[in-house]
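Novice: For reference, the structure I am asking about is given below.
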Amino acid sequence: MTCDPRLLLLHPADNVLTVTATLEPGEHVRVDDREVEISKRLPLGHKVAARGIAVGEKIIKYGAPIGSAKQAIAAGEHVHTHNVQSDYLPTVLREDQARFFAHQSP
Amino acid sequence: MNGYLRSDGRKGIRNVTVVVYLVECAHHVAREVVFPYREHEVHLLGFPGCYPNAYAHRMLRQLCTHPNVGAALLVSLGCEGFNRAGLLEEIRATGQPADVLVIQETGGTRKTIAEGRQWIAAALEKIATVPREPIAVSDLVVGTVCGGSDATSGITANPAVGRAFDLLVQNGARVVFEETGELIGCEQIMAARAARPNLAPELIACVDKAARYYTKMGHGSFAPGNAEGGLTTLEEKSMGAYSKSGNSPISGILKPGDVPPSAGLYLLDVVPDGEIRWGFPNISDIQEIGELIACGSHVTLFTTGRGSVVGSAISPVIKICANPETYRRLSEDMDINAGRILEGAASLDEVGREIYDRILRVAAGEKTASEGMGHAEFSLVYKSFEPLGPACLPG
C-alpha cells in the first residue's frame with residue numbers, strides 16, 4: 001500500500017504506519033495513494049493513519065487492536081493520544097500527572 | 001565455555017560473592033563491606049523492610065543460592081523481623097561459604113565493617129577454587145525485560161529478542177518473559193500459544209489479575225515518557241513488549257523464585273496474589289530483573305528504546321537498544337544496536353542471531369557494557385504470592 005521508506009507497515013491488517021525517521025513540518029509523505037503534508041514534527045516511532053479511520057473504529061497495529069479512535073482520522077494524520085483512547089486503561093500524560101500531584105499536595 | 005559447578009549440579013557463568021543487608025538499618029554497613037571489593041565480583045543485595053515477608057525471604061534464598069553466586073554474607077542489625085538463622089541455614093545447605101554478622105552483637109558500625117571485609121577476603125580465596133565444568137546452552141536460563149520503551153522497542157529490539165528466544169529454545173535453553181501488566185490486551189493471542197490446553201485459562205487469569213491490579217492502582221505500566229516516544233496506549237506498548245517472547249509454545253507459568261523445570265518458554269507472573277495491599281507490583285525495571293534472576297536467569301536481555309543504563313547484581317544484563325538515535329547518544333551503555341533494523345542495515349533475524357551469539361560470549365566470561373562500568377543494581381520490596389496452580393508447569 002505505502003512505499004515511503006520512512007513509514008513502516010508492521011502487519012498487512014494495520015491501519016497505522018510507524019514513522020522510522022523524524023518527519024519535519026512541510027515534508028510530504030505518500031499515504032494511501034495521496035500526497036500528505038506533515039503539519040507538525042513527527043519523531044521516529046510516532047504513527048500516522050494508513051487510511052481514513054472512522055470515530056469508534058479500532059486502531060490496528062501488529063495486526064491487533066491497540067485502542068479506539070476518539071474522532072475521525074484522515075489518511076496521513078498523526079495518530080496519538082489526542083485522537084485515540086485505550087480500551088483498557090486511560091493513558092497518563094505528563095500534563096495529567098502535574099494536575100494529579102497538584103491536587104494531592106497539602 | 002566453562003561454568004562454575006555448584007553442589008546441586010547447576011552451573012553458573014559468574015562466581016559472585018553477595019553481601020546482603022536484612023533491613024534498611026544495615027544497608028550502610030553492608031555497602032561499606034562491599035566497597036573495597038566492588039571490582040572483585042562482590043555485589044550488594046538487601047531487603048529494606050523490618051517486618052518479615054515470605055516472598056522477600058524466598059527471593060533472597062533463591063538469589064543467595066543462585067548458580068552465579070559462590071558465597072554469601074548476611075548483615076543484620078539484630079532486631080529486624082527477617083529470619084536470618086533460617087536463611088543462613090538454607091544457604092549453608094548448599095555447602096558454599098555463608099555467614100551472618102549482627103551489628104548489635106558485633107559492636108557497631110566500624111567493627112562490623114572490619115569483620116565483614118575480613119570475611120570477604122577469606123571467602124574470595126575459597127571460591128577461587130570452585131570447579132569449572134563445560135557449560136552448554138541447555139544449562140542456561142535466560143530472562144528478558146524491557147524498560148524505557150518507545151515505539152521502536154516493539155519494532156526492532158523486542159522482536160529481535162523474540163528471534164533469539166526461539167534459537168535458545170531450539171537449543172534446549174529455558175527462557176523467561178514477564179510483566180503480565182505489560183501484556184494487557186495480548187491475553188487471547190498468548191493463550192493460543194499454550195503448550196497444553198489447561199495452561200491457556202491460567203495465562204488469561206494471570207493477565208486478568210494484572211489488569212485488576214493496575215486498574216485499582218490507577219496507573220498502568222505506561223509512563224509519560226512512553227507517550228512522548230510515540231506509544232499511544234497500554235495495548236500498543238503490550239503488543240510491542242509481547243514480541244520479546246518469540247514464537248515458541250508457552251510451556252508454563254512461574255512466580256518469582258520458581259526455576260523453570262525443563263527447556264522451553266515460560267511466563268513469569270510478577271503481580272502479587274490476594275488483596276491489593278503492596279502498592280505497585282514492581283516499582284522499577286531493577287526489581288523485575290531481580291525476579292528473573294531469582295528464577296535462575298544466568299543472563300537478562302534488556303531492551304530499551306529511550307535508553308536505560310542499568311545492570312544488575314548477580315547476573316549480567318545485555319542491553320539491546322531499539323532506537324538508532326538513542327544508540328548514538330548512549331552507545332557505551334549498550335551491547336547491541338537493534339536500531340540498525342530501522343535504518344535498513346540489518347534484518348530482525350540477523351540481530352536475533354547477534355543477540356544469541358552475544359549470550360554465548362557473555363556466558364563464556366565476556367563482560368557486558370553495564371558490568372564493565374560497575375553497574376550492579378538491586379531492589380526488593382514487599383509482595384505476597386500463593387503457590388502455582390497444578391496446570392502451570394509441564395507435567
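Chain labels run A, B, ... following the order of the C-alpha cells; each chain numbers its residues from 1, and ligands are numbered from 1 in the order shown.
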Please, which residues of chain A lie no more than 6 Å from chain B when the count uses only C-alpha atoms, and can they be set out as a PyMOL selection string?
Specialist: chain A and resi 45-46+66+80-81+86+91+93-94
Novice: Save out the residues we just selected, N, CA and C atoms, as a CSV table (one decimal), in the first residue's frame.
Specialist:
chain,number,residue,atom,x,y,z
A,45,GLY,N,9.0,6.7,15.5
A,45,GLY,CA,8.2,5.9,16.5
A,45,GLY,C,6.8,6.3,16.6
A,46,HIS,N,6.5,7.6,16.1
A,46,HIS,CA,5.1,8.0,16.1
A,46,HIS,C,4.3,7.4,14.9
A,66,ILE,N,-5.1,-1.8,19.2
A,66,ILE,CA,-4.3,-1.1,20.3
A,66,ILE,C,-5.1,0.1,20.9
A,80,HIS,N,-2.4,9.6,17.7
A,80,HIS,CA,-1.8,9.5,19.0
A,80,HIS,C,-2.8,9.8,20.1
A,81,THR,N,-2.4,10.2,21.3
A,81,THR,CA,-3.3,10.3,22.4
A,81,THR,C,-4.4,11.3,22.2
A,86,SER,N,-7.3,4.3,24.9
A,86,SER,CA,-7.1,2.9,25.2
A,86,SER,C,-8.5,2.2,25.5
A,91,THR,N,-4.5,6.6,29.2
A,91,THR,CA,-3.1,6.9,29.1
A,91,THR,C,-2.8,8.1,30.0
A,93,LEU,N,-0.6,11.2,30.7
A,93,LEU,CA,0.4,12.1,30.1
A,93,LEU,C,1.1,12.9,31.2
A,94,ARG,N,2.2,13.6,30.9
A,94,ARG,CA,2.9,14.4,31.9
A,94,ARG,C,2.0,15.5,32.4
Novice: Which residues, written as a short mmCIF file (atom, residue, chain, number, x, y, z; two decimals) with C-alpha atoms, in the first residue's frame, have at least one atom at most 7 Å from range 6-21 of chain A, with only C-alpha atoms counted and residues fewer than 3 positions away on the same chain left out?
Specialist:
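Once written, selection12.cif looks like this:
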data_model
loop_
_atom_site.label_atom_id
_atom_site.label_comp_id
_atom_site.auth_asym_id
_atom_site.auth_seq_id
_atom_site.Cartn_x
_atom_site.Cartn_y
_atom_site.Cartn_z
CA PRO A 43 9.62 11.93 15.68
CA LEU A 44 10.63 8.36 14.92
CA GLY A 45 8.20 5.90 16.48
CA HIS A 46 5.07 8.02 16.08
CA LYS A 47 2.20 6.81 13.90
CA VAL A 48 0.16 8.17 11.02
CA ALA A 49 -3.11 6.77 9.68
CA ALA A 50 -2.61 4.45 6.69
CA ARG A 51 -6.14 5.30 5.52
CA ILE A 59 -6.67 1.21 15.66
CA ILE A 60 -4.80 -1.86 14.36
CA LYS A 61 -1.01 -2.27 14.74
CA TYR A 62 0.91 -5.61 14.76
CA GLY A 63 -2.38 -6.96 13.38
CA LEU B 342 15.13 0.74 11.15
#
Novice: Show me, as a list of chain:residue names, the residues that have an atom within 8 Å of His27 in chain B when counting only C-alpha atoms, minus same-chain residues fewer than 4 positions from it.
Specialist: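 The filter keeps B:Tyr21, B:Leu22, B:Val23, B:Arg31, B:Gly46, B:Pro48.
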Novice: Please report the interatomic distance between CA of Ala200 in chain B and CA of Leu167 in chain B in Å with one decimal.
Specialist: 23.6 Å
Novice: Write out as a ChimeraX atom specification all residues of chain A that DSSP puts in strand (DSSP E) for this structure's backbone.
Specialist: /A:7-8,16-19,28-31,34-37,47-49,58-61,64-69,78-79,84-85
